[in-house]
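Engineer: Provided below: query-v4.cif, containing mmCIF, C-alpha atoms and all ligand atoms.
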```cif
data_upload
loop_
_atom_site.group_PDB
_atom_site.id
_atom_site.type_symbol
_atom_site.label_atom_id
_atom_site.label_comp_id
_atom_site.auth_asym_id
_atom_site.auth_seq_id
_atom_site.Cartn_x
_atom_site.Cartn_y
_atom_site.Cartn_z
ATOM 1 C CA MET O 1 278.817 -5.236 -19.013
ATOM 2 C CA ASN O 2 279.757 -6.759 -15.670
ATOM 3 C CA LYS O 3 278.504 -10.278 -16.410
ATOM 4 C CA THR O 4 279.861 -13.790 -16.852
ATOM 5 C CA VAL O 5 278.626 -15.179 -20.150
ATOM 6 C CA LEU O 6 278.829 -18.847 -21.205
ATOM 7 C CA ILE O 7 278.640 -19.366 -24.985
ATOM 8 C CA THR O 8 278.341 -22.810 -26.587
ATOM 9 C CA GLY O 9 279.665 -23.253 -30.114
ATOM 10 C CA ALA O 10 281.789 -20.146 -29.554
ATOM 11 C CA SER O 11 284.542 -20.921 -32.059
ATOM 12 C CA SER O 12 282.723 -19.765 -35.207
ATOM 13 C CA GLY O 13 279.660 -18.092 -36.708
ATOM 14 C CA ILE O 14 277.024 -16.640 -34.398
ATOM 15 C CA GLY O 15 278.809 -18.012 -31.309
ATOM 16 C CA GLU O 16 282.058 -16.286 -32.227
ATOM 17 C CA GLY O 17 280.109 -13.124 -33.090
ATOM 18 C CA CYS O 18 278.590 -13.196 -29.592
ATOM 19 C CA ALA O 19 282.012 -13.778 -28.001
ATOM 20 C CA ARG O 20 283.415 -10.733 -29.817
ATOM 21 C CA LYS O 21 280.432 -8.479 -29.062
ATOM 22 C CA PHE O 22 280.136 -9.379 -25.368
ATOM 23 C CA ALA O 23 283.929 -9.132 -24.989
ATOM 24 C CA SER O 24 283.943 -5.679 -26.564
ATOM 25 C CA GLU O 25 281.317 -4.632 -23.991
ATOM 26 C CA GLY O 26 283.453 -5.800 -21.071
ATOM 27 C CA ALA O 27 281.878 -9.190 -20.224
ATOM 28 C CA ARG O 28 283.883 -12.165 -18.894
ATOM 29 C CA LEU O 29 283.482 -15.192 -21.102
ATOM 30 C CA ILE O 30 283.287 -18.939 -20.665
ATOM 31 C CA LEU O 31 283.924 -20.222 -24.158
ATOM 32 C CA ASN O 32 282.789 -23.684 -25.235
ATOM 33 C CA ALA O 33 283.373 -25.526 -28.502
ATOM 34 C CA ARG O 34 285.001 -28.795 -29.483
ATOM 35 C CA SER O 35 288.342 -27.413 -30.674
ATOM 36 C CA VAL O 36 290.796 -26.360 -27.936
ATOM 37 C CA ASP O 37 293.003 -24.699 -30.546
ATOM 38 C CA LYS O 38 290.237 -22.481 -31.902
ATOM 39 C CA LEU O 39 289.096 -21.527 -28.405
ATOM 40 C CA GLU O 40 292.638 -20.688 -27.336
ATOM 41 C CA ALA O 41 293.154 -18.541 -30.434
ATOM 42 C CA LEU O 42 289.839 -16.747 -29.859
ATOM 43 C CA ALA O 43 290.552 -16.163 -26.159
ATOM 44 C CA GLN O 44 293.999 -14.811 -26.991
ATOM 45 C CA ASP O 45 292.554 -12.464 -29.622
ATOM 46 C CA LEU O 46 289.860 -11.201 -27.226
ATOM 47 C CA LYS O 47 292.485 -10.645 -24.543
ATOM 48 C CA GLU O 48 294.630 -8.589 -26.922
ATOM 49 C CA LYS O 49 291.733 -6.587 -28.392
ATOM 50 C CA TYR O 50 289.555 -5.976 -25.332
ATOM 51 C CA GLY O 51 291.545 -7.238 -22.331
ATOM 52 C CA THR O 52 288.851 -9.925 -21.889
ATOM 53 C CA ASP O 53 289.152 -12.625 -19.235
ATOM 54 C CA SER O 54 288.086 -15.893 -20.845
ATOM 55 C CA TYR O 55 287.779 -19.387 -19.426
ATOM 56 C CA ILE O 56 288.020 -22.115 -22.009
ATOM 57 C CA MET O 57 285.766 -25.166 -21.769
ATOM 58 C CA PRO O 58 286.395 -27.531 -24.669
ATOM 59 C CA PHE O 59 283.862 -30.353 -24.968
ATOM 60 C CA ASP O 60 281.288 -31.646 -27.402
ATOM 61 C CA VAL O 61 277.927 -30.371 -26.130
ATOM 62 C CA ARG O 62 276.437 -33.782 -26.964
ATOM 63 C CA ASP O 63 278.674 -35.367 -24.332
ATOM 64 C CA ARG O 64 276.588 -34.807 -21.212
ATOM 65 C CA LYS O 65 279.208 -36.316 -18.880
ATOM 66 C CA ALA O 66 281.952 -34.043 -20.258
ATOM 67 C CA ALA O 67 279.654 -31.027 -19.963
ATOM 68 C CA SER O 68 278.716 -31.816 -16.396
ATOM 69 C CA GLU O 69 282.342 -32.452 -15.382
ATOM 70 C CA ALA O 70 283.476 -29.213 -17.037
ATOM 71 C CA LEU O 71 280.793 -27.186 -15.269
ATOM 72 C CA ALA O 72 281.507 -28.884 -11.922
ATOM 73 C CA SER O 73 285.208 -28.103 -12.250
ATOM 74 C CA LEU O 74 284.741 -24.392 -12.971
ATOM 75 C CA PRO O 75 286.907 -22.390 -10.552
ATOM 76 C CA ALA O 76 284.826 -20.635 -7.887
ATOM 77 C CA GLU O 77 285.245 -17.224 -9.511
ATOM 78 C CA TRP O 78 283.707 -18.542 -12.755
ATOM 79 C CA GLN O 79 280.748 -20.410 -11.314
ATOM 80 C CA ALA O 80 278.236 -17.557 -11.156
ATOM 81 C CA ILE O 81 277.125 -17.653 -14.789
ATOM 82 C CA ASP O 82 274.865 -14.684 -15.595
ATOM 83 C CA VAL O 83 274.109 -15.355 -19.251
ATOM 84 C CA LEU O 84 273.917 -18.728 -20.991
ATOM 85 C CA ILE O 85 273.969 -18.466 -24.774
ATOM 86 C CA ASN O 86 272.838 -21.822 -26.154
ATOM 87 C CA ASN O 87 274.223 -21.350 -29.627
ATOM 88 C CA ALA O 88 275.767 -24.693 -30.662
ATOM 89 C CA GLY O 89 273.697 -26.127 -33.482
ATOM 90 C CA LEU O 90 273.880 -27.476 -37.002
ATOM 91 C CA VAL O 91 272.162 -29.219 -39.859
ATOM 92 C CA ILE O 92 273.557 -31.918 -42.121
ATOM 93 C CA GLY O 93 271.974 -32.457 -45.510
ATOM 94 C CA VAL O 94 268.803 -31.354 -47.277
ATOM 95 C CA ASP O 95 267.238 -34.792 -47.544
ATOM 96 C CA LYS O 96 263.570 -35.592 -47.555
ATOM 97 C CA GLU O 97 262.185 -36.930 -44.289
ATOM 98 C CA HIS O 98 261.586 -40.385 -45.777
ATOM 99 C CA GLU O 99 265.037 -40.563 -47.391
ATOM 100 C CA GLY O 100 267.628 -39.035 -45.026
ATOM 101 C CA ASP O 101 270.315 -40.630 -42.883
ATOM 102 C CA LEU O 102 269.074 -41.425 -39.375
ATOM 103 C CA ASP O 103 272.600 -41.291 -37.928
ATOM 104 C CA GLU O 104 273.115 -37.755 -39.279
ATOM 105 C CA TRP O 105 269.752 -36.724 -37.894
ATOM 106 C CA ASP O 106 270.749 -38.113 -34.493
ATOM 107 C CA ILE O 107 273.675 -35.666 -34.523
ATOM 108 C CA VAL O 108 271.372 -32.773 -35.447
ATOM 109 C CA ILE O 109 268.712 -33.673 -32.871
ATOM 110 C CA ASP O 110 271.254 -34.402 -30.127
ATOM 111 C CA THR O 111 273.072 -31.096 -30.709
ATOM 112 C CA ASN O 112 270.175 -28.748 -31.387
ATOM 113 C CA ILE O 113 267.697 -30.093 -28.836
ATOM 114 C CA LYS O 114 269.201 -32.437 -26.255
ATOM 115 C CA SER O 115 272.431 -30.482 -25.697
ATOM 116 C CA LEU O 116 270.587 -27.173 -25.415
ATOM 117 C CA LEU O 117 268.304 -28.827 -22.869
ATOM 118 C CA SER O 118 271.141 -30.378 -20.881
ATOM 119 C CA MET O 119 273.137 -27.127 -20.717
ATOM 120 C CA THR O 120 269.984 -25.367 -19.531
ATOM 121 C CA ARG O 121 269.309 -28.112 -16.969
ATOM 122 C CA MET O 122 272.855 -27.838 -15.615
ATOM 123 C CA VAL O 123 273.294 -24.043 -15.578
ATOM 124 C CA VAL O 124 269.856 -22.637 -14.708
ATOM 125 C CA PRO O 125 269.499 -24.047 -11.147
ATOM 126 C CA GLY O 126 272.491 -21.911 -10.073
ATOM 127 C CA MET O 127 270.899 -18.871 -11.697
ATOM 128 C CA VAL O 128 267.654 -19.530 -9.803
ATOM 129 C CA GLU O 129 269.601 -19.860 -6.527
ATOM 130 C CA ARG O 130 271.413 -16.577 -7.182
ATOM 131 C CA GLY O 131 268.211 -14.858 -8.329
ATOM 132 C CA ARG O 132 269.953 -13.622 -11.476
ATOM 133 C CA GLY O 133 270.322 -14.972 -14.985
ATOM 134 C CA HIS O 134 269.433 -14.902 -18.651
ATOM 135 C CA ILE O 135 269.141 -17.798 -21.076
ATOM 136 C CA ILE O 136 269.533 -16.842 -24.733
ATOM 137 C CA ASN O 137 268.683 -19.647 -27.131
ATOM 138 C CA ILE O 138 269.642 -19.391 -30.773
ATOM 139 C CA GLY O 139 266.561 -20.729 -32.540
ATOM 140 C CA SER O 140 265.771 -20.099 -36.186
ATOM 141 C CA ILE O 141 263.189 -18.894 -38.652
ATOM 142 C CA ALA O 142 263.208 -22.619 -39.521
ATOM 143 C CA GLY O 143 261.276 -23.249 -36.300
ATOM 144 C CA ASP O 144 258.309 -21.180 -37.511
ATOM 145 C CA ALA O 145 257.376 -23.356 -40.487
ATOM 146 C CA ALA O 146 258.826 -26.401 -42.205
ATOM 147 C CA TYR O 147 260.416 -25.930 -45.622
ATOM 148 C CA PRO O 148 261.535 -28.326 -48.376
ATOM 149 C CA GLY O 149 264.648 -30.286 -47.400
ATOM 150 C CA GLY O 150 264.524 -28.968 -43.852
ATOM 151 C CA SER O 151 262.146 -31.295 -42.063
ATOM 152 C CA VAL O 152 264.344 -32.460 -39.196
ATOM 153 C CA TYR O 153 266.233 -29.168 -38.824
ATOM 154 C CA CYS O 154 262.940 -27.243 -38.735
ATOM 155 C CA ALA O 155 261.629 -29.699 -36.128
ATOM 156 C CA THR O 156 264.670 -29.107 -33.921
ATOM 157 C CA LYS O 157 264.232 -25.341 -34.101
ATOM 158 C CA ALA O 158 260.498 -25.668 -33.353
ATOM 159 C CA ALA O 159 261.679 -27.607 -30.292
ATOM 160 C CA VAL O 160 263.992 -24.719 -29.350
ATOM 161 C CA LYS O 161 260.962 -22.420 -29.418
ATOM 162 C CA ALA O 162 258.941 -24.805 -27.215
ATOM 163 C CA LEU O 163 261.860 -25.239 -24.793
ATOM 164 C CA SER O 164 262.331 -21.453 -24.619
ATOM 165 C CA ASP O 165 258.625 -20.791 -24.074
ATOM 166 C CA GLY O 166 258.363 -23.617 -21.528
ATOM 167 C CA LEU O 167 261.389 -22.363 -19.584
ATOM 168 C CA ARG O 168 259.978 -18.828 -19.582
ATOM 169 C CA ILE O 169 256.787 -20.231 -18.062
ATOM 170 C CA ASP O 170 258.712 -22.268 -15.498
ATOM 171 C CA LEU O 171 260.749 -19.207 -14.471
ATOM 172 C CA VAL O 172 257.900 -16.707 -14.460
ATOM 173 C CA ASP O 173 258.113 -16.233 -10.684
ATOM 174 C CA THR O 174 261.871 -15.509 -10.798
ATOM 175 C CA PRO O 175 263.995 -12.561 -12.015
ATOM 176 C CA LEU O 176 265.438 -14.781 -14.783
ATOM 177 C CA ARG O 177 264.821 -14.001 -18.448
ATOM 178 C CA VAL O 178 264.576 -16.254 -21.503
ATOM 179 C CA THR O 179 265.149 -15.088 -25.062
ATOM 180 C CA ASN O 180 264.719 -17.055 -28.284
ATOM 181 C CA ILE O 181 266.522 -15.407 -31.211
ATOM 182 C CA LYS O 182 265.313 -16.734 -34.556
ATOM 183 C CA PRO O 183 267.706 -15.780 -37.372
ATOM 184 C CA GLY O 184 266.918 -16.102 -41.043
ATOM 185 C CA MET O 185 269.755 -16.121 -43.581
ATOM 186 C CA VAL O 186 273.084 -15.651 -41.807
ATOM 187 C CA GLU O 187 276.287 -16.347 -43.703
ATOM 188 C CA THR O 188 278.461 -18.606 -41.561
ATOM 189 C CA ASN O 189 279.847 -22.109 -41.880
ATOM 190 C CA PHE O 190 276.241 -23.308 -41.378
ATOM 191 C CA SER O 191 275.413 -23.831 -45.053
ATOM 192 C CA VAL O 192 278.786 -25.456 -45.761
ATOM 193 C CA ILE O 193 277.941 -28.133 -43.185
ATOM 194 C CA ARG O 194 274.356 -28.349 -44.482
ATOM 195 C CA PHE O 195 275.740 -29.135 -47.955
ATOM 196 C CA ARG O 196 278.302 -31.567 -46.516
ATOM 197 C CA GLY O 197 281.302 -29.378 -47.371
ATOM 198 C CA ASP O 198 280.172 -28.249 -50.843
ATOM 199 C CA LYS O 199 281.281 -24.598 -50.690
ATOM 200 C CA ASP O 200 279.755 -23.683 -54.074
ATOM 201 C CA LYS O 201 276.316 -24.871 -53.036
ATOM 202 C CA ALA O 202 276.701 -23.077 -49.713
ATOM 203 C CA ASP O 203 277.767 -19.811 -51.394
ATOM 204 C CA ASN O 204 274.817 -20.086 -53.762
ATOM 205 C CA VAL O 205 272.377 -19.762 -50.841
ATOM 206 C CA TYR O 206 273.544 -16.187 -50.273
ATOM 207 C CA LYS O 207 274.063 -15.092 -53.908
ATOM 208 C CA GLY O 208 272.040 -12.041 -54.917
ATOM 209 C CA ILE O 209 271.073 -11.110 -51.368
ATOM 210 C CA ARG O 210 272.937 -9.483 -48.510
ATOM 211 C CA PRO O 211 272.787 -12.052 -45.714
ATOM 212 C CA LEU O 212 273.217 -11.239 -42.057
ATOM 213 C CA THR O 213 276.447 -12.073 -40.240
ATOM 214 C CA GLY O 214 277.191 -13.679 -36.904
ATOM 215 C CA GLU O 215 278.011 -10.174 -35.664
ATOM 216 C CA ASP O 216 274.501 -8.948 -36.589
ATOM 217 C CA ILE O 217 272.910 -11.692 -34.504
ATOM 218 C CA ALA O 218 275.328 -10.923 -31.682
ATOM 219 C CA GLU O 219 273.986 -7.333 -31.643
ATOM 220 C CA VAL O 220 270.499 -8.736 -31.004
ATOM 221 C CA ALA O 221 271.765 -11.062 -28.264
ATOM 222 C CA TYR O 222 273.615 -8.187 -26.606
ATOM 223 C CA PHE O 223 270.568 -5.919 -26.852
ATOM 224 C CA ALA O 224 268.480 -8.562 -25.065
ATOM 225 C CA ALA O 225 271.160 -9.177 -22.423
ATOM 226 C CA SER O 226 271.691 -5.477 -21.719
ATOM 227 C CA ALA O 227 268.009 -4.502 -21.577
ATOM 228 C CA PRO O 228 266.834 -3.302 -18.144
ATOM 229 C CA GLU O 229 266.219 -6.192 -15.709
ATOM 230 C CA TYR O 230 262.427 -5.620 -15.746
ATOM 231 C CA MET O 231 262.318 -6.067 -19.531
ATOM 232 C CA GLN O 232 262.352 -9.500 -21.188
ATOM 233 C CA ILE O 233 263.008 -9.733 -24.918
ATOM 234 C CA ALA O 234 261.139 -13.019 -25.307
ATOM 235 C CA GLU O 235 261.582 -13.684 -29.009
ATOM 236 C CA VAL O 236 263.210 -11.973 -31.974
ATOM 237 C CA LEU O 237 262.785 -12.966 -35.628
ATOM 238 C CA VAL O 238 265.638 -11.330 -37.531
ATOM 239 C CA MET O 239 266.476 -11.696 -41.208
ATOM 240 C CA PRO O 240 267.872 -9.819 -44.202
ATOM 241 C CA THR O 241 265.666 -7.012 -45.516
ATOM 242 C CA ASN O 242 265.107 -8.954 -48.743
ATOM 243 C CA GLN O 243 263.985 -12.109 -46.926
ATOM 244 C CA ALA O 244 260.339 -12.503 -45.910
ATOM 245 C CA THR O 245 259.931 -16.108 -44.723
ATOM 246 C CA GLY O 246 262.033 -19.254 -44.464
ATOM 247 C CA THR O 247 261.406 -19.864 -48.174
ATOM 248 C CA ILE O 248 260.762 -16.434 -49.700
ATOM 249 C CA ALA O 249 263.641 -14.092 -50.456
ATOM 250 C CA TYR O 250 264.243 -11.577 -53.226
ATOM 251 C CA LYS O 251 267.545 -12.147 -54.987
ATOM 252 C CA LYS O 252 269.118 -9.769 -57.509
ATOM 253 C CA TRP O 253 271.051 -11.939 -59.928
HETATM 254 C C1 LIG L 1 269.176 -21.124 -40.359
HETATM 255 C C2 LIG L 1 268.305 -20.313 -41.203
HETATM 256 O O1 LIG L 1 267.196 -20.082 -43.435
HETATM 257 O O2 LIG L 1 268.516 -22.088 -43.135
HETATM 258 O O3 LIG L 1 268.666 -21.367 -39.105
HETATM 259 O O4 LIG L 1 266.407 -21.862 -42.009
HETATM 260 S S1 LIG L 1 267.584 -21.147 -42.485
#
```
Would you mind writing the structure in this file as structure tokens?
Structural biologist:
Amino acid sequence: MNKTVLITGASSGIGEGCARKFASEGARLILNARSVDKLEALAQDLKEKYGTDSYIMPFDVRDRKAASEALASLPAEWQAIDVLINNAGLVIGVDKEHEGDLDEWDIVIDTNIKSLLSMTRMVVPGMVERGRGHIINIGSIAGDAAYPGGSVYCATKAAVKALSDGLRIDLVDTPLRVTNIKPGMVETNFSVIRFRGDKDKADNVYKGIRPLTGEDIAEVAYFAASAPEYMQIAEVLVMPTNQATGTIAYKKW
């Protein structure tokens, strides 16, 4: 793939899966996450395995000024971003809506909604100018219906669906494409953060079922990005075979 791909939250989980998949297919990568060390290690690994050219952009996606400065300072040969993968996202806690911590929810809302929006706002105008581009948002099955303990997270992923659909409408008269990938159960660090570091509780989510991996979701993202230009994979709901909805899964204990 002869494309420049910017991935947010690239240092782990689905973001790292996407970095590895797109690298293995020959893309050039702009890797974003907070940790310089993790990004450097990933870039080095991708270089050794696939000969990938990576440009590292360490900043917290919630820091709009840092994001805008990083994008403005991209060397000329890295400025023509073809694919933006808005992956950075998280949830903290499983509290009820009337009981949770507003400061934690600010982090979730700022990351999952406002940062996705600001990256889109900053990167897409260049794509429109160049007449070429693809925005891949990592939404969630959680955006389809609220579930117990997920109120705010589900709301943020419903917002990702609305932002994806709205952007697709706004870009309908351009060659740009917008994809919203909505994963169900994917085993990453996601549940560890949801349960505030409690690894046992996080592991329990995936006991008795074979969850998807970041690499599985990366296959979907790559499929969408490599589809013919006239074909827009608008939305994909993807989950383990033994999962049916955000709350219904069959587990063999
Ligand atoms: C994460 C999937 O099942 O926790 O977006 O809603 S789930």
Engineer: Give me the result of the PyMOL selection byres (((chain O and resi 15-30) around 8) and not hetatm) on this file, residue by residue, as a VMD selection string.
Structural biologist: chain O and resid 1 to 14 31 to 32 46 50 52 to 57 78 87 to 88 214 to 219 221 to 222
Engineer: So that I have them on file, write out the residues from the current selection with C-alpha atoms, as a PDB file, keeping the file's coordinate frame.
Structural biologist:
```pdb
ATOM      1  CA  MET O   1     278.817  -5.236 -19.013  1.00  0.00           C
ATOM      2  CA  ASN O   2     279.757  -6.759 -15.670  1.00  0.00           C
ATOM      3  CA  LYS O   3     278.504 -10.278 -16.410  1.00  0.00           C
ATOM      4  CA  THR O   4     279.861 -13.790 -16.852  1.00  0.00           C
ATOM      5  CA  VAL O   5     278.626 -15.179 -20.150  1.00  0.00           C
ATOM      6  CA  LEU O   6     278.829 -18.847 -21.205  1.00  0.00           C
ATOM      7  CA  ILE O   7     278.640 -19.366 -24.985  1.00  0.00           C
ATOM      8  CA  THR O   8     278.341 -22.810 -26.587  1.00  0.00           C
ATOM      9  CA  GLY O   9     279.665 -23.253 -30.114  1.00  0.00           C
ATOM     10  CA  ALA O  10     281.789 -20.146 -29.554  1.00  0.00           C
ATOM     11  CA  SER O  11     284.542 -20.921 -32.059  1.00  0.00           C
ATOM     12  CA  SER O  12     282.723 -19.765 -35.207  1.00  0.00           C
ATOM     13  CA  GLY O  13     279.660 -18.092 -36.708  1.00  0.00           C
ATOM     14  CA  ILE O  14     277.024 -16.640 -34.398  1.00  0.00           C
ATOM     15  CA  LEU O  31     283.924 -20.222 -24.158  1.00  0.00           C
ATOM     16  CA  ASN O  32     282.789 -23.684 -25.235  1.00  0.00           C
ATOM     17  CA  LEU O  46     289.860 -11.201 -27.226  1.00  0.00           C
ATOM     18  CA  TYR O  50     289.555  -5.976 -25.332  1.00  0.00           C
ATOM     19  CA  THR O  52     288.851  -9.925 -21.889  1.00  0.00           C
ATOM     20  CA  ASP O  53     289.152 -12.625 -19.235  1.00  0.00           C
ATOM     21  CA  SER O  54     288.086 -15.893 -20.845  1.00  0.00           C
ATOM     22  CA  TYR O  55     287.779 -19.387 -19.426  1.00  0.00           C
ATOM     23  CA  ILE O  56     288.020 -22.115 -22.009  1.00  0.00           C
ATOM     24  CA  MET O  57     285.766 -25.166 -21.769  1.00  0.00           C
ATOM     25  CA  TRP O  78     283.707 -18.542 -12.755  1.00  0.00           C
ATOM     26  CA  ASN O  87     274.223 -21.350 -29.627  1.00  0.00           C
ATOM     27  CA  ALA O  88     275.767 -24.693 -30.662  1.00  0.00           C
ATOM     28  CA  GLY O 214     277.191 -13.679 -36.904  1.00  0.00           C
ATOM     29  CA  GLU O 215     278.011 -10.174 -35.664  1.00  0.00           C
ATOM     30  CA  ASP O 216     274.501  -8.948 -36.589  1.00  0.00           C
ATOM     31  CA  ILE O 217     272.910 -11.692 -34.504  1.00  0.00           C
ATOM     32  CA  ALA O 218     275.328 -10.923 -31.682  1.00  0.00           C
ATOM     33  CA  GLU O 219     273.986  -7.333 -31.643  1.00  0.00           C
ATOM     34  CA  ALA O 221     271.765 -11.062 -28.264  1.00  0.00           C
ATOM     35  CA  TYR O 222     273.615  -8.187 -26.606  1.00  0.00           C
TER      36      TYR O 222
END
```
Engineer: Which is closer to ligand LIG 1 (chain L) than all the others in O:Ala227, O:Val238, O:Val178, O:Ile141, using only C-alpha atoms and all ligand atoms?
Structural biologist: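 Nearest to ligand LIG 1 (chain L): O:Ile141.
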Engineer: Once you count all atoms listed in the file, what closest atom pair and distance in Å to one decimal does each residue of chain O within 8 Å of ligand LIG 1 (chain L) have, with rows by chain and rising residue number, as CSV?
Structural biologist:
```
residue,atom,partner,partner_atom,distance
O:Gly139,CA,L:LIG1,O3,6.9
O:Ser140,CA,L:LIG1,O3,4.3
O:Ile141,CA,L:LIG1,O4,5.5
O:Ala142,CA,L:LIG1,O4,4.1
O:Gly143,CA,L:LIG1,O4,7.8
O:Gly150,CA,L:LIG1,O4,7.6
O:Tyr153,CA,L:LIG1,O4,8.0
O:Cys154,CA,L:LIG1,O4,7.2
O:Lys157,CA,L:LIG1,O3,7.8
O:Lys182,CA,L:LIG1,O3,7.3
O:Pro183,CA,L:LIG1,O3,5.9
O:Gly184,CA,L:LIG1,C2,4.4
O:Met185,CA,L:LIG1,O1,4.7
O:Val186,CA,L:LIG1,C2,6.7
O:Phe190,CA,L:LIG1,C1,7.5
O:Ser191,CA,L:LIG1,O2,7.4
O:Gly246,CA,L:LIG1,O1,5.3
O:Thr247,CA,L:LIG1,O1,7.5
```
Engineer: Counting all atoms listed in the file, give me one row per residue of stretch 149-223 of chain O with an atom at most 10 Å from an atom of stretch 105-114 of chain O, showing the shortest contact pair and its distance in Å to one decimal, sorted by chain then residue number, as JSON lines.
Structural biologist:
```
{"residue": "O:Val152", "atom": "CA", "partner": "O:Trp105", "partner_atom": "CA", "distance": 7.0}
{"residue": "O:Tyr153", "atom": "CA", "partner": "O:Val108", "partner_atom": "CA", "distance": 7.1}
{"residue": "O:Ala155", "atom": "CA", "partner": "O:Ile109", "partner_atom": "CA", "distance": 8.8}
{"residue": "O:Thr156", "atom": "CA", "partner": "O:Ile113", "partner_atom": "CA", "distance": 6.0}
{"residue": "O:Lys157", "atom": "CA", "partner": "O:Asn112", "partner_atom": "CA", "distance": 7.4}
{"residue": "O:Ala158", "atom": "CA", "partner": "O:Ile113", "partner_atom": "CA", "distance": 9.6}
{"residue": "O:Ala159", "atom": "CA", "partner": "O:Ile113", "partner_atom": "CA", "distance": 6.7}
{"residue": "O:Val160", "atom": "CA", "partner": "O:Ile113", "partner_atom": "CA", "distance": 6.5}
{"residue": "O:Leu163", "atom": "CA", "partner": "O:Ile113", "partner_atom": "CA", "distance": 8.6}
```
Engineer: Atom CA of O:Ile248 and atom CA of O:Ile209, how far apart in Å?
Structural biologist: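 Taking atom CA of O:Ile209 as the start and atom CA of O:Ile248 as the end point, the length is 11.7 Å.
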Engineer: Around stretch 124-143 of chain O, with edges along x, y and z and 3 Å added on all six sides, what centre and edge lengths do you get, in Å to one decimal, as AutoDock Vina command-line options?
Structural biologist:
```
--center_x 266.9 --center_y -18.8 --center_z -23.0 --size_x 17.2 --size_y 16.4 --size_z 39.0
```
Engineer: Once the PyMOL selection byres (((chain O and resi 35) around 8) and not hetatm) has been applied to the shown file, what residues remain in the selection, as JSON, numbers by chain?
Structural biologist: {"O": [11, 33, 34, 36, 37, 38, 39, 58, 59]}
Engineer: Give me, please, the distance in Å between atom CA of O:Thr174 and atom CA of O:Lys65, quoted to one decimal.
Structural biologist: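 Here the two named atoms are 28.3 Å from each other.
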Engineer: For atom CA of O:Asn137 and atom CA of O:Ala225, determine how far apart the two atoms are, in Å to one decimal place.
Structural biologist: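 Taking atom CA of O:Asn137 and atom CA of O:Ala225, their separation equals 11.7 Å.
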Engineer: Excluding O:Arg62 and its own-chain neighbours fewer than 2 positions away, which residues fall within 6 Å of it when counting all atoms listed in the file? Please give them as a list of chain:residue names.
Structural biologist: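 In the requested form, the answer reads O:Asp60, O:Arg64, O:Thr111, O:Ser115.
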Engineer: Write a file of the selected residues as a PDB file, in the coordinates of the input, keeping C-alpha atoms.
Structural biologist:
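Printed below is part09.pdb as written:
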```pdb
ATOM      1  CA  ASP O  60     281.288 -31.646 -27.402  1.00  0.00           C
ATOM      2  CA  ARG O  64     276.588 -34.807 -21.212  1.00  0.00           C
ATOM      3  CA  THR O 111     273.072 -31.096 -30.709  1.00  0.00           C
ATOM      4  CA  SER O 115     272.431 -30.482 -25.697  1.00  0.00           C
TER       5      SER O 115
END
```
Engineer: Hey, which of O:Lys199, O:Lys49, O:Lys252, O:Lys96 ends up closest to O:Pro148? Count only C-alpha atoms.
Structural biologist: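 Of all the options, O:Lys96 lies closest to O:Pro148.
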Engineer: Can you turn the PyMOL selection byres (((chain O and resi 195) around 12) and not hetatm) into a concrete residue list for this file, as a list in words?
Structural biologist: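 Output from the PyMOL selection byres (((chain O and resi 195) around 12) and not hetatm), applied to this file: Leu90, Val91, Ile92, Gly93, Val94, Asp95, Gly149, Gly150, Asn189, Phe190, Ser191, Val192, Ile193, Arg194, Arg196, Gly197, Asp198, Lys199, Asp200, Lys201, Ala202, Asp203, Asn204 and Val205 of chain O.
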Engineer: Between O:Ile81, O:Leu71, O:Ala162, O:Ala43, which has the minimum distance to O:Ile135 (counting all atoms listed in the file)?
Structural biologist: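 Going through O:Ile81, O:Leu71, O:Ala162, O:Ala43 one by one, the smallest distance to O:Ile135 is for O:Ile81.
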Engineer: Just the residues within 7 Å of O:His134, please, counting all atoms listed in the file, with nothing from its chain fewer than 4 positions along; format it as an mmCIF file with C-alpha atoms, in the frame of the given file.
Structural biologist:
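As a result, result-v7.cif now contains:
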```
data_model
loop_
_atom_site.group_PDB
_atom_site.id
_atom_site.type_symbol
_atom_site.label_atom_id
_atom_site.label_comp_id
_atom_site.auth_asym_id
_atom_site.auth_seq_id
_atom_site.Cartn_x
_atom_site.Cartn_y
_atom_site.Cartn_z
ATOM 1 C CA ASP O 82 274.865 -14.684 -15.595
ATOM 2 C CA VAL O 83 274.109 -15.355 -19.251
ATOM 3 C CA LEU O 84 273.917 -18.728 -20.991
ATOM 4 C CA LEU O 176 265.438 -14.781 -14.783
ATOM 5 C CA ARG O 177 264.821 -14.001 -18.448
ATOM 6 C CA VAL O 178 264.576 -16.254 -21.503
#
```
Engineer: Quick one: everything within 8 Å of O:Gly126, counting all atoms listed in the file, minus sequence neighbours fewer than 3 positions away in the same chain. Send it as a ChimeraX atom specification.
Structural biologist: /O:80-81,123,129-130
